[in-house]
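Text of the file final06.txt, holding compact mmCIF, C-alpha atoms:
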```
# COMPACT_ATOMS: atom_id res chain seq x y z
CA MET K 1 -20.58 4.52 -18.20
CA LEU K 2 -19.65 4.68 -21.84
CA ASP K 3 -21.02 2.99 -24.93
CA LYS K 4 -18.34 3.25 -27.58
CA ARG K 5 -20.61 1.56 -30.09
CA LYS K 6 -22.75 4.69 -30.22
CA MET K 7 -19.80 7.01 -30.79
CA GLY K 8 -17.93 7.84 -33.95
CA TYR K 9 -15.16 10.22 -34.89
CA GLN K 10 -16.47 13.76 -35.24
CA PRO K 11 -13.88 16.55 -35.31
CA ILE K 12 -14.82 19.90 -33.79
CA PRO K 13 -12.86 23.16 -33.72
CA LEU K 14 -10.30 23.40 -30.94
CA PRO K 15 -12.01 25.06 -27.98
CA ASP K 16 -10.29 27.31 -25.43
CA ARG K 17 -7.35 28.03 -27.73
CA GLN K 18 -4.32 29.64 -26.09
CA ASN K 19 -2.17 32.07 -28.01
CA LEU K 20 0.42 33.42 -25.60
CA THR K 21 3.45 35.43 -26.56
CA GLU K 22 6.88 34.02 -25.67
CA VAL K 23 7.05 36.44 -22.75
CA GLU K 24 3.64 35.38 -21.48
CA SER K 25 4.49 31.71 -21.95
CA ARG K 26 7.70 32.02 -19.94
CA ALA K 27 5.94 33.99 -17.22
CA GLY K 28 3.07 31.53 -16.99
CA GLY K 29 5.37 28.52 -16.90
CA GLN K 30 7.60 30.08 -14.26
CA ALA K 31 4.62 31.12 -12.14
CA PHE K 32 3.28 27.58 -12.15
CA HIS K 33 6.71 26.17 -11.33
CA ASP K 34 7.12 28.61 -8.45
CA ARG K 35 3.68 27.75 -7.12
CA MET K 36 4.31 24.01 -7.27
CA ALA K 37 7.72 24.50 -5.65
CA THR K 38 5.81 25.44 -2.49
CA ARG K 39 4.05 22.07 -2.42
CA HIS K 40 5.11 19.84 0.46
CA THR K 41 3.88 16.48 1.67
CA VAL K 42 2.86 16.59 5.33
CA ARG K 43 1.75 14.01 7.86
CA ASP K 44 0.55 16.52 10.45
CA PHE K 45 -2.94 17.82 9.77
CA SER K 46 -5.02 20.37 11.65
CA ASP K 47 -8.69 19.87 12.49
CA GLN K 48 -9.65 22.87 10.33
CA PRO K 49 -12.53 21.69 8.15
CA VAL K 50 -12.34 21.60 4.36
CA PRO K 51 -15.62 22.25 2.52
CA ARG K 52 -16.93 19.41 0.40
CA ASP K 53 -17.17 21.59 -2.71
CA VAL K 54 -13.43 22.29 -2.58
CA ILE K 55 -12.78 18.53 -2.76
CA GLU K 56 -15.36 18.18 -5.53
CA THR K 57 -13.68 20.87 -7.63
CA ALA K 58 -10.25 19.28 -7.19
CA ILE K 59 -11.57 15.88 -8.26
CA ALA K 60 -13.41 17.47 -11.19
CA THR K 61 -10.01 18.86 -12.23
CA ALA K 62 -8.52 15.36 -12.00
CA GLY K 63 -11.30 14.16 -14.29
CA LEU K 64 -10.02 16.51 -17.02
CA ALA K 65 -6.81 14.49 -17.41
CA PRO K 66 -6.01 12.77 -20.72
CA SER K 67 -6.45 9.00 -20.81
CA GLY K 68 -6.05 6.01 -23.10
CA ALA K 69 -8.84 6.13 -25.74
CA ASN K 70 -10.45 8.78 -23.49
CA HIS K 71 -11.93 5.99 -21.36
CA GLN K 72 -11.12 7.83 -18.11
CA PRO K 73 -10.43 4.59 -16.19
CA TRP K 74 -10.53 6.04 -12.68
CA HIS K 75 -12.80 6.51 -9.71
CA PHE K 76 -12.25 8.68 -6.65
CA VAL K 77 -13.85 7.97 -3.28
CA ALA K 78 -13.85 10.96 -0.91
CA ILE K 79 -14.28 10.14 2.78
CA SER K 80 -14.88 12.49 5.70
CA ASP K 81 -16.80 10.07 7.97
CA PRO K 82 -14.65 9.51 11.10
CA ALA K 83 -15.81 5.90 11.46
CA ILE K 84 -14.76 5.01 7.92
CA LYS K 85 -11.44 6.80 8.33
CA ALA K 86 -10.80 4.84 11.54
CA GLN K 87 -11.58 1.62 9.69
CA ILE K 88 -9.12 2.49 6.96
CA ARG K 89 -6.44 3.41 9.47
CA GLN K 90 -6.80 0.14 11.35
CA ALA K 91 -6.59 -1.94 8.16
CA ALA K 92 -3.70 0.11 6.78
CA GLU K 93 -1.69 -0.20 10.00
CA GLU K 94 -2.14 -3.95 9.98
CA GLU K 95 -0.56 -4.06 6.52
CA GLU K 96 2.16 -1.62 7.59
CA GLN K 97 3.00 -3.79 10.59
CA ARG K 98 3.63 -6.75 8.30
CA PHE K 99 5.71 -4.53 6.02
CA TYR K 100 7.95 -3.23 8.80
CA ASP K 101 8.20 -6.68 10.36
CA GLY K 102 10.16 -7.76 7.31
CA GLY K 103 7.66 -8.02 4.48
CA GLY K 104 9.10 -4.94 2.80
CA GLY K 105 12.68 -6.18 2.79
CA ASP K 106 15.70 -4.54 4.39
CA GLU K 107 16.62 -2.36 1.41
CA TRP K 108 13.17 -0.81 1.06
CA ILE K 109 12.79 -0.19 4.79
CA ALA K 110 16.25 1.40 4.91
CA ALA K 111 15.34 3.66 1.99
CA LEU K 112 12.40 4.99 4.00
CA GLU K 113 14.47 5.92 7.06
CA PRO K 114 15.24 9.50 5.90
CA ILE K 115 11.51 10.03 5.32
CA GLY K 116 10.62 9.06 8.90
CA THR K 117 7.74 6.73 8.16
CA GLY K 118 6.56 3.96 10.46
CA VAL K 119 3.65 1.69 11.33
CA SER K 120 1.51 4.36 12.99
CA LYS K 121 -0.64 6.36 10.54
CA PRO K 122 -2.58 8.93 12.58
CA HIS K 123 -2.96 11.16 9.51
CA LEU K 124 -5.54 8.73 8.17
CA GLU K 125 -7.86 9.91 10.94
CA ASP K 126 -6.54 13.43 11.53
CA ALA K 127 -6.93 14.65 7.96
CA PRO K 128 -10.47 15.92 7.34
CA TRP K 129 -10.62 14.04 4.02
CA LEU K 130 -9.27 10.84 2.58
CA VAL K 131 -9.45 10.43 -1.19
CA VAL K 132 -9.02 6.82 -2.31
CA ILE K 133 -8.01 6.48 -5.96
CA PHE K 134 -9.15 3.45 -7.94
CA ALA K 135 -8.08 2.32 -11.41
CA GLN K 136 -10.72 0.53 -13.47
CA ARG K 137 -9.37 -2.60 -15.15
CA TYR K 138 -12.28 -2.51 -17.58
CA GLY K 139 -15.34 -0.35 -18.12
CA LEU K 140 -19.05 -1.06 -18.32
CA THR K 141 -21.48 0.24 -20.91
CA ASP K 142 -24.92 1.54 -20.02
CA ASP K 143 -26.33 -1.95 -20.57
CA GLY K 144 -23.68 -3.62 -18.39
CA ALA K 145 -21.40 -4.96 -21.15
CA ARG K 146 -17.66 -4.88 -20.55
CA TYR K 147 -15.21 -2.94 -22.67
CA LYS K 148 -11.44 -2.83 -22.43
CA ASN K 149 -9.60 0.11 -20.90
CA TYR K 150 -6.16 1.10 -22.16
CA TYR K 151 -3.07 2.43 -20.40
CA VAL K 152 -4.92 2.23 -17.10
CA PRO K 153 -1.99 2.84 -14.68
CA GLU K 154 -0.59 5.62 -16.84
CA SER K 155 -3.96 7.34 -17.23
CA THR K 156 -4.83 7.11 -13.55
CA GLY K 157 -1.36 8.34 -12.63
CA ILE K 158 -1.82 11.45 -14.78
CA ALA K 159 -5.22 12.12 -13.18
CA THR K 160 -3.68 11.74 -9.73
CA GLY K 161 -1.04 14.33 -10.65
CA PHE K 162 -3.80 16.70 -11.72
CA LEU K 163 -5.55 16.10 -8.40
CA ILE K 164 -2.47 16.77 -6.28
CA ALA K 165 -1.78 19.99 -8.18
CA ALA K 166 -5.43 21.07 -7.84
CA LEU K 167 -5.41 20.45 -4.09
CA HIS K 168 -2.23 22.49 -3.73
CA HIS K 169 -3.73 25.37 -5.69
CA ALA K 170 -6.68 25.26 -3.30
CA GLY K 171 -4.29 25.83 -0.40
CA LEU K 172 -4.45 22.27 0.88
CA TYR K 173 -1.82 19.72 1.77
CA CYS K 174 -1.89 16.02 1.04
CA LEU K 175 -0.01 12.84 1.76
CA THR K 176 0.23 9.96 -0.69
CA HIS K 177 -0.18 6.66 1.15
CA THR K 178 0.14 3.27 -0.52
CA PRO K 179 -0.30 0.38 1.92
CA ASN K 180 0.50 -2.94 0.31
CA PRO K 181 -1.65 -4.88 -0.31
CA MET K 182 -4.66 -2.54 -0.53
CA ARG K 183 -7.47 -4.99 -1.14
CA PHE K 184 -9.19 -3.85 2.07
CA LEU K 185 -9.96 -0.50 0.41
CA THR K 186 -12.16 -2.16 -2.21
CA GLN K 187 -14.37 -3.59 0.52
CA ILE K 188 -14.43 -0.57 2.82
CA CYS K 189 -15.19 1.81 -0.05
CA GLY K 190 -17.82 -0.48 -1.57
CA ARG K 191 -16.20 -0.56 -4.99
CA PRO K 192 -16.55 -3.37 -7.57
CA ASP K 193 -13.88 -6.02 -8.04
CA HIS K 194 -12.74 -4.68 -11.40
CA GLU K 195 -11.48 -1.51 -9.72
CA LYS K 196 -7.99 -1.67 -8.24
CA PRO K 197 -7.12 0.67 -5.34
CA LEU K 198 -3.92 2.54 -6.11
CA MET K 199 -3.49 5.14 -3.42
CA ILE K 200 -4.93 7.01 -0.46
CA LEU K 201 -4.54 10.77 -0.35
CA ALA K 202 -4.91 12.29 3.11
CA VAL K 203 -6.07 15.87 2.49
CA GLY K 204 -6.42 18.91 4.67
CA HIS K 205 -4.70 21.93 6.19
CA ALA K 206 -1.27 21.55 7.75
CA ALA K 207 -1.07 21.64 11.54
CA GLN K 208 0.64 24.65 13.10
CA ASP K 209 3.51 22.39 14.23
CA ALA K 210 3.70 20.41 10.98
CA THR K 211 7.14 19.27 9.89
CA ILE K 212 8.64 17.69 6.81
CA PRO K 213 11.75 15.49 6.59
CA ALA K 214 14.81 17.42 5.45
CA ALA K 215 15.40 14.71 2.85
CA ALA K 216 12.15 15.64 1.12
CA ASN K 217 13.69 18.92 -0.04
CA VAL K 218 16.46 17.15 -1.92
CA LYS K 219 15.37 17.15 -5.55
CA LYS K 220 17.34 15.97 -8.54
CA PRO K 221 18.79 18.87 -10.55
CA LEU K 222 17.34 19.58 -13.97
CA ASP K 223 20.30 18.11 -15.84
CA GLN K 224 19.60 14.74 -14.21
CA ILE K 225 15.93 14.60 -15.19
CA LEU K 226 16.04 16.24 -18.64
CA SER K 227 17.73 15.41 -21.94
CA PHE K 228 17.42 17.32 -25.20
CA ASN K 229 17.88 15.62 -28.58
CA PRO K 230 19.54 12.47 -27.26
CA LYS K 231 21.89 10.39 -29.39
CA PRO K 232 20.58 6.90 -30.23
CA ASN K 233 22.12 3.94 -28.48
CA PRO K 234 23.59 1.75 -31.24
CA GLN K 235 23.22 -1.36 -29.06
CA GLY K 236 19.56 -0.59 -28.47
CA THR K 237 19.90 -1.21 -24.72
```
Written as structure tokens, how would this file's structure read?
Amino acid sequence: MLDKRKMGYQPIPLPDRQNLTEVESRAGGQAFHDRMATRHTVRDFSDQPVPRDVIETAIATAGLAPSGANHQPWHFVAISDPAIKAQIRQAAEEEEQRFYDGGGGDEWIAALEPIGTGVSKPHLEDAPWLVVIFAQRYGLTDDGARYKNYYVPESTGIATGFLIAALHHAGLYCLTHTPNPMRFLTQICGRPDHEKPLMILAVGHAAQDATIPAAANVKKPLDQILSFNPKPNPQGT
């Protein structure tokens, strides 16, 4: 909880200052790129346990992400209880059944064919951990008063990226799962109504026979995702 009324602007010296040479900067950036290039989404998890403190550290890393007005409008629910995971799987598969029965539309369902997804979601039980990510529409002060959060989807998205990277650096695999609608997660996870569930991450070690779809290795080249010093569009469109 946060009480902005008790806070004012107070500048402090920049902590943890980095001062790398160009060589060190290139090496560090390339090393991180090469490490993240080994990240793959899997649906096949082993039963090898993952210690709770590893999950805690990864989520603590997610909590370091920047956010609108530094309100940190997110909450993470970590679940290892088999009964709760089974509950989530059942509810998620009910939503998936409606999606694949036509609710998702032909174009969307066709787009998923190269990924190999379907109604059955065994990973929601097989993975040792599920992390459910919630975005807080508004915050509450220590005395229960509401305050507005800003850039909630953007902030929570950045934190989720931090989390996925942290899990990968811990040697774990994860799967992003977004059943639609997700209202059932609010109830199962016991979260308040002002928190919106955004995603389930299934987290664990990959099974020995784990596979990935070949299409998942097709990434856009750099010249399609990067522009330097673009020329303005005179029409503004």
Measuring atom to atom with only C-alpha atoms, identify which of K:Ala159, K:Ala110, K:His169, K:Met182 is nearest to His33 of chain K.
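Going through K:Ala159, K:Ala110, K:His169, K:Met182 one by one, the smallest distance to His33 of chain K is for K:His169.
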Write out as a PDB file with C-alpha atoms, in the coordinates of the input each polymer residue whose atoms come within 12 Å of Asn180 of chain K, counting all atoms listed in the file; drop sequence neighbours fewer than 5 positions from it.
```pdb
ATOM      1  CA  ALA K  91      -6.590  -1.940   8.160  1.00  0.00           C
ATOM      2  CA  ALA K  92      -3.700   0.110   6.780  1.00  0.00           C
ATOM      3  CA  GLU K  93      -1.690  -0.200  10.000  1.00  0.00           C
ATOM      4  CA  GLU K  94      -2.140  -3.950   9.980  1.00  0.00           C
ATOM      5  CA  GLU K  95      -0.560  -4.060   6.520  1.00  0.00           C
ATOM      6  CA  GLU K  96       2.160  -1.620   7.590  1.00  0.00           C
ATOM      7  CA  GLN K  97       3.000  -3.790  10.590  1.00  0.00           C
ATOM      8  CA  ARG K  98       3.630  -6.750   8.300  1.00  0.00           C
ATOM      9  CA  PHE K  99       5.710  -4.530   6.020  1.00  0.00           C
ATOM     10  CA  TYR K 100       7.950  -3.230   8.800  1.00  0.00           C
ATOM     11  CA  GLY K 103       7.660  -8.020   4.480  1.00  0.00           C
ATOM     12  CA  GLY K 104       9.100  -4.940   2.800  1.00  0.00           C
ATOM     13  CA  LEU K 185      -9.960  -0.500   0.410  1.00  0.00           C
ATOM     14  CA  PRO K 197      -7.120   0.670  -5.340  1.00  0.00           C
ATOM     15  CA  LEU K 198      -3.920   2.540  -6.110  1.00  0.00           C
ATOM     16  CA  MET K 199      -3.490   5.140  -3.420  1.00  0.00           C
ATOM     17  CA  ILE K 200      -4.930   7.010  -0.460  1.00  0.00           C
TER      18      ILE K 200
END
```
Please report the interatomic distance between atom CA of Gln136 of chain K and atom CA of Gln72 of chain K in Å with one decimal.
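One can read the atom CA of Gln136 of chain K to atom CA of Gln72 of chain K distance as 8.7 Å.
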Closest contacts (segment 61-127 of chain K/segment 210-234 of chain K, max 12 Å, all atoms listed in the file) as a Markdown table:
```
| residue | atom | partner | partner_atom | distance |
| --- | --- | --- | --- | --- |
| K:Ala111 | CA | K:Ala215 | CA | 11.1 |
| K:Leu112 | CA | K:Ala215 | CA | 10.2 |
| K:Glu113 | CA | K:Ala215 | CA | 9.8 |
| K:Pro114 | CA | K:Ala215 | CA | 6.0 |
| K:Ile115 | CA | K:Pro213 | CA | 5.6 |
| K:Gly116 | CA | K:Pro213 | CA | 6.9 |
| K:Thr117 | CA | K:Pro213 | CA | 9.8 |
| K:His123 | CA | K:Ala210 | CA | 11.5 |
```
Would you kindly return, as JSON, numbers by chain, each protein, DNA or RNA residue with an atom no farther than 10 Å from any atom of segment 78-81 of chain K, considering only C-alpha atoms and excluding same-chain residues fewer than 5 positions away?
{"K": [49, 50, 52, 55, 56, 59, 86, 125, 127, 128, 129, 130, 131, 132, 133, 189, 200, 201, 202, 203]}
Smallest atom-to-atom distance to Ile158 of chain K: which of K:Asp193, K:Gly63, K:Leu14, K:His71, using only C-alpha atoms?
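For Ile158 of chain K, the nearest of the candidates is K:Gly63.
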Considering all atoms listed in the file, can you say which of K:Ala135, K:Val42, K:Ile88, K:Ala31 comes closest to Gly157 of chain K?
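Checking each candidate against Gly157 of chain K, we get K:Ala135 as the closest.
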Would you please work out which residue, of K:His177, K:Ala166, K:Tyr138, K:Val152, is nearest to Pro122 of chain K when using only C-alpha atoms?
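Among the listed residues, K:His177 lies closest to Pro122 of chain K.
For the pair atom CA of Arg146 of chain K and atom CA of Tyr9 of chain K, the separation is 21.0 Å.
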Please report the interatomic distance between atom CA of His40 of chain K and atom CA of Phe162 of chain K in Å with one decimal.
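Between these atoms lies a distance of 15.4 Å.
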Nearest to Pro153 of chain K, restricted to all atoms listed in the file and choosing among K:Gly105, K:Pro73, K:Gly118, K:Gly204, comes out as K:Pro73
Using only C-alpha atoms for the distances, tell me which of K:Gln90, K:Asn149, K:Ser67, K:Thr141 is nearest to Leu124 of chain K.
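The closest residue to Leu124 of chain K is K:Gln90.
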